[in-house]
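First the structure, in the form of structure tokens, and then the observations on it.
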Number of protein chains: 2
Amino acid sequence: MKTRIAILGYGNIGQAAEQSVLAAPDMQLTGIYHHNDNLDVIDADAVLVCTPTREVPAFAEKLLARGICTVDSFDIHTQVADLRARLNRVAQSHDAVGIIAAGWDPGSDSVVRTLLLAMAPNGLTYTNFGPGRSMGHTVAAKAVAGVKDALSMTIPLGTGIHRRMVYVELEAGADFATVEQAILHDDYFAHDETHVVAVPSVAQLNNVAHGVNMVRSGVSGSTHNQRFEFNMTINNPALTAQVMTACARAAVRMKHEGRPGAYTLIEIPPIYLLPGDTEELIRQLV
Amino acid sequence: MKTRIAILGYGNIGQAAEQSVLAAPDMQLTGIYHHNDNLDVIDADAVLVCTPTREVPAFAEKLLARGICTVDSFDIHTQVADLRARLNRVAQSHDAVGIIAAGWDPGSDSVVRTLLLAMAPNGLTYTNFGPGRSMGHTVAAKAVAGVKDALSMTIPLGTGIHRRMVYVELEAGADFATVEQAILHDDYFAHDETHVVAVPSVAQLNNVAHGVNMVRSGVSGSTHNQRFEFNMTINNPALTAQVMTACARAAVRMKHEGRPGAYTLIEIPPIYLLPGDTEELIRQLV
């Protein structure tokens, strides 16, 4: 009996989610829906909510209220705890499970940060992002007068410090120096080392590659200099969608176990993310 | 109200466990016991079983039967699933939780392997160990006639292939060439690239440093070339003991939640490894 999955939203992440669900041996794709479709017709055990982040809370709430499990990759770090509290109420009263902030950061990186803290409770973890596109900074650069299109790349400089490389395609007649100053003084960019580069076509730079380098030096017991590093270079929407798909499996399982509620990825047993028999997985992975 | 922890066994890991428990803000150390002490006097919520691996199953079983939670770092990979089945029965019938194979490999590395498999279901993960001492190979080298003391170091060569560097201190009158041939033909060493080196004192080489390099290249959905890497260089007993200490916290919590049984680390929500308030941890880590 396969788990029945629907996808809501069909942008970069929704399209990648379709591939992940189709590749999952234990899942069946029951439908792909757009944000203005009638959600009452969705028939699934779990829905991957692949809408823009700001639309996630309302959609997830609506689906959970129908007893359908949800997974999202809500990525506003400072609002994750509040979203969890909001969705937890509706999930618990309708016997559903919502797994939130389940991309790679927040998401799988959060699990790595948690594990590193358990392994060496004192110390510092640095999360260095990139090279890769920052959505928030890209939107901010696009909003500047005279900018036709823009791309803001995040470049890791270590110890959690990042450089912003902002590629701009100017509107006809726009003055580069004026655009450059507007970007450098925008609050999104004013606090980081930022370089603005004029290019003939931003579309030609399109690349969904991203990466992370997490570093921790810490103390286990009374032993200092315990060193850990986690690196990845990935296709961003493909990884986000894959983590969401794995979480749909966990959500349905936790619902069947009678544990409704809203959870972040660090609250989920990692083995629940995988298909297959528990004992077999333990023999393979432990 | 602090969690009351006892330690059974006071070798390298037991001594490091003492440091980890003393450093934990939510724990109280109630006693340190040796393997020939009377275990009936142990009074604790959880016991860190720091005995040699082969003695773990019997000790853990005895403690679980008294309703006391246990944590061990049992490290014979091929026997972990069987140990889990054996301890699960006694833990469930005595309302206790045992967390097994909870060191770094098996242990925290198992969690990383699980997470990488969820993030890119198709592909290869290589776990490359070292440089660091292999206990099993060291014992095998020590057993060779003419060897007074020995140390077998594991050197990672990538793609899960390892070199063995075997340092031997000879007994008076022993012939190096004979010892070398005996080691090279021992089943422990015959399948790997092995170098035997005579040294005046093995004790002078003593170093509990170890490390791992885990690499995965895999596929998320239909997207290939997703690349992940996890590295650490650590004090081996200090990390093992720290992971065990974190698991004691999780074991007691799961007992209070009414979920008795035996678990491996990949079956535990990562946040259960940490002290502190769930919402605060989510704000900090997710």
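Letters A, B, ... go to the chains of the structure tokens in the order shown; residues in each chain start at 1; ligands are counted from 1 in the same order.
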Enumerate as a PyMOL selection string the residues belonging to chain A that approach chain B to within 7 Å, with only C-alpha atoms taken into account.
chain A and resi 16+19-20+23+77-78+81+106-107+110-111+113-115+118-119+220-223+226-235+238-239+242-243+246+266-271+273-274+279+282-283+285-286
Where in region 134-212 of chain A does DSSP assign strand (DSSP E), given as number ranges by chain?
A: 147-156, 162-170, 193-198, 209-212
Atoms to include: N, CA, C and O atoms. Write the selected residues as a CSV table (one decimal), in the first residue's frame.
chain,number,residue,atom,x,y,z
A,147,VAL,N,17.0,48.8,-12.4
A,147,VAL,CA,17.4,47.4,-12.5
A,147,VAL,C,16.3,46.7,-13.2
A,147,VAL,O,15.2,46.6,-12.8
A,148,LYS,N,16.7,46.1,-14.4
A,148,LYS,CA,15.7,45.3,-15.1
A,148,LYS,C,15.7,43.9,-14.6
A,148,LYS,O,14.6,43.2,-14.5
A,149,ASP,N,16.9,43.3,-14.3
A,149,ASP,CA,16.9,42.0,-13.7
A,149,ASP,C,18.2,41.9,-12.8
A,149,ASP,O,19.1,42.7,-13.0
A,150,ALA,N,18.2,41.0,-11.8
A,150,ALA,CA,19.3,41.0,-10.9
A,150,ALA,C,19.5,39.6,-10.4
A,150,ALA,O,18.6,38.7,-10.4
A,151,LEU,N,20.7,39.3,-9.9
A,151,LEU,CA,21.0,38.0,-9.2
A,151,LEU,C,22.0,38.4,-8.1
A,151,LEU,O,23.1,38.9,-8.4
A,152,SER,N,21.7,38.0,-6.9
A,152,SER,CA,22.6,38.2,-5.8
A,152,SER,C,23.2,36.8,-5.4
A,152,SER,O,22.4,36.0,-4.9
A,153,MET,N,24.5,36.6,-5.5
A,153,MET,CA,25.1,35.4,-5.1
A,153,MET,C,25.7,35.6,-3.7
A,153,MET,O,26.3,36.6,-3.4
A,154,THR,N,25.6,34.5,-2.9
A,154,THR,CA,26.2,34.5,-1.6
A,154,THR,C,27.5,33.7,-1.7
A,154,THR,O,27.5,32.6,-2.1
A,155,ILE,N,28.6,34.4,-1.3
A,155,ILE,CA,29.9,33.8,-1.3
A,155,ILE,C,30.4,33.6,0.1
A,155,ILE,O,30.5,34.6,0.9
A,156,PRO,N,30.8,32.4,0.5
A,156,PRO,CA,31.2,32.2,1.9
A,156,PRO,C,32.6,32.6,2.1
A,156,PRO,O,33.5,32.3,1.3
A,162,HIS,N,29.8,36.5,4.9
A,162,HIS,CA,29.5,36.3,3.5
A,162,HIS,C,29.7,37.5,2.7
A,162,HIS,O,29.4,38.6,3.1
A,163,ARG,N,30.2,37.3,1.5
A,163,ARG,CA,30.3,38.4,0.4
A,163,ARG,C,29.1,38.3,-0.4
A,163,ARG,O,28.5,37.2,-0.7
A,164,ARG,N,28.6,39.4,-0.9
A,164,ARG,CA,27.4,39.5,-1.8
A,164,ARG,C,28.0,39.9,-3.2
A,164,ARG,O,28.5,41.0,-3.3
A,165,MET,N,27.8,39.0,-4.2
A,165,MET,CA,28.1,39.4,-5.6
A,165,MET,C,26.8,39.7,-6.3
A,165,MET,O,26.0,38.7,-6.5
A,166,VAL,N,26.6,40.9,-6.6
A,166,VAL,CA,25.3,41.3,-7.2
A,166,VAL,C,25.4,41.6,-8.7
A,166,VAL,O,26.1,42.6,-9.1
A,167,TYR,N,24.8,40.8,-9.5
A,167,TYR,CA,24.9,41.0,-11.0
A,167,TYR,C,23.6,41.7,-11.4
A,167,TYR,O,22.5,41.2,-11.1
A,168,VAL,N,23.7,42.8,-12.1
A,168,VAL,CA,22.6,43.6,-12.5
A,168,VAL,C,22.5,43.8,-14.0
A,168,VAL,O,23.6,44.0,-14.6
A,169,GLU,N,21.3,43.7,-14.5
A,169,GLU,CA,21.1,44.0,-15.9
A,169,GLU,C,20.3,45.3,-15.9
A,169,GLU,O,19.2,45.4,-15.3
A,170,LEU,N,20.8,46.4,-16.5
A,170,LEU,CA,20.2,47.7,-16.3
A,170,LEU,C,19.1,47.9,-17.3
A,170,LEU,O,19.1,47.4,-18.5
A,193,GLU,N,30.2,42.7,2.8
A,193,GLU,CA,31.0,43.1,1.7
A,193,GLU,C,30.2,42.8,0.4
A,193,GLU,O,29.8,41.7,0.2
A,194,THR,N,30.0,43.9,-0.4
A,194,THR,CA,29.1,43.7,-1.5
A,194,THR,C,29.8,44.3,-2.8
A,194,THR,O,30.4,45.4,-2.7
A,195,HIS,N,29.7,43.6,-3.9
A,195,HIS,CA,30.2,44.0,-5.2
A,195,HIS,C,29.1,44.0,-6.2
A,195,HIS,O,28.4,43.0,-6.3
A,196,VAL,N,28.9,45.1,-6.9
A,196,VAL,CA,27.9,45.2,-7.9
A,196,VAL,C,28.5,45.1,-9.3
A,196,VAL,O,29.5,45.8,-9.5
A,197,VAL,N,28.0,44.2,-10.2
A,197,VAL,CA,28.6,44.0,-11.5
A,197,VAL,C,27.5,44.1,-12.5
A,197,VAL,O,26.5,43.5,-12.4
A,198,ALA,N,27.8,45.0,-13.5
A,198,ALA,CA,26.8,45.1,-14.6
A,198,ALA,C,27.0,44.0,-15.6
A,198,ALA,O,28.2,43.7,-16.0
A,209,ALA,N,22.6,25.9,-8.5
A,209,ALA,CA,23.6,25.3,-7.6
A,209,ALA,C,23.7,26.1,-6.3
A,209,ALA,O,23.5,27.3,-6.2
A,210,HIS,N,23.9,25.4,-5.2
A,210,HIS,CA,24.2,26.0,-3.9
A,210,HIS,C,25.1,25.1,-3.1
A,210,HIS,O,25.5,24.1,-3.6
A,211,GLY,N,25.4,25.6,-1.9
A,211,GLY,CA,26.3,24.8,-1.1
A,211,GLY,C,26.4,25.3,0.3
A,211,GLY,O,25.8,26.4,0.7
A,212,VAL,N,26.9,24.5,1.2
A,212,VAL,CA,27.1,24.9,2.6
A,212,VAL,C,28.4,24.3,3.1
A,212,VAL,O,28.9,23.2,2.6
At a cut-off of 12 Å, using only C-alpha atoms, what residues contact Asn36 (chain A)? Leave out same-chain residues fewer than 5 positions from it and give the result as a PyMOL selection string.
chain A and resi 8-10+51+55+59
Find the residues around Ile5 (chain A) up to 8 Å (only C-alpha atoms counted), leave out those fewer than 5 positions away in its own chain, and share them as a count of residues only.
12
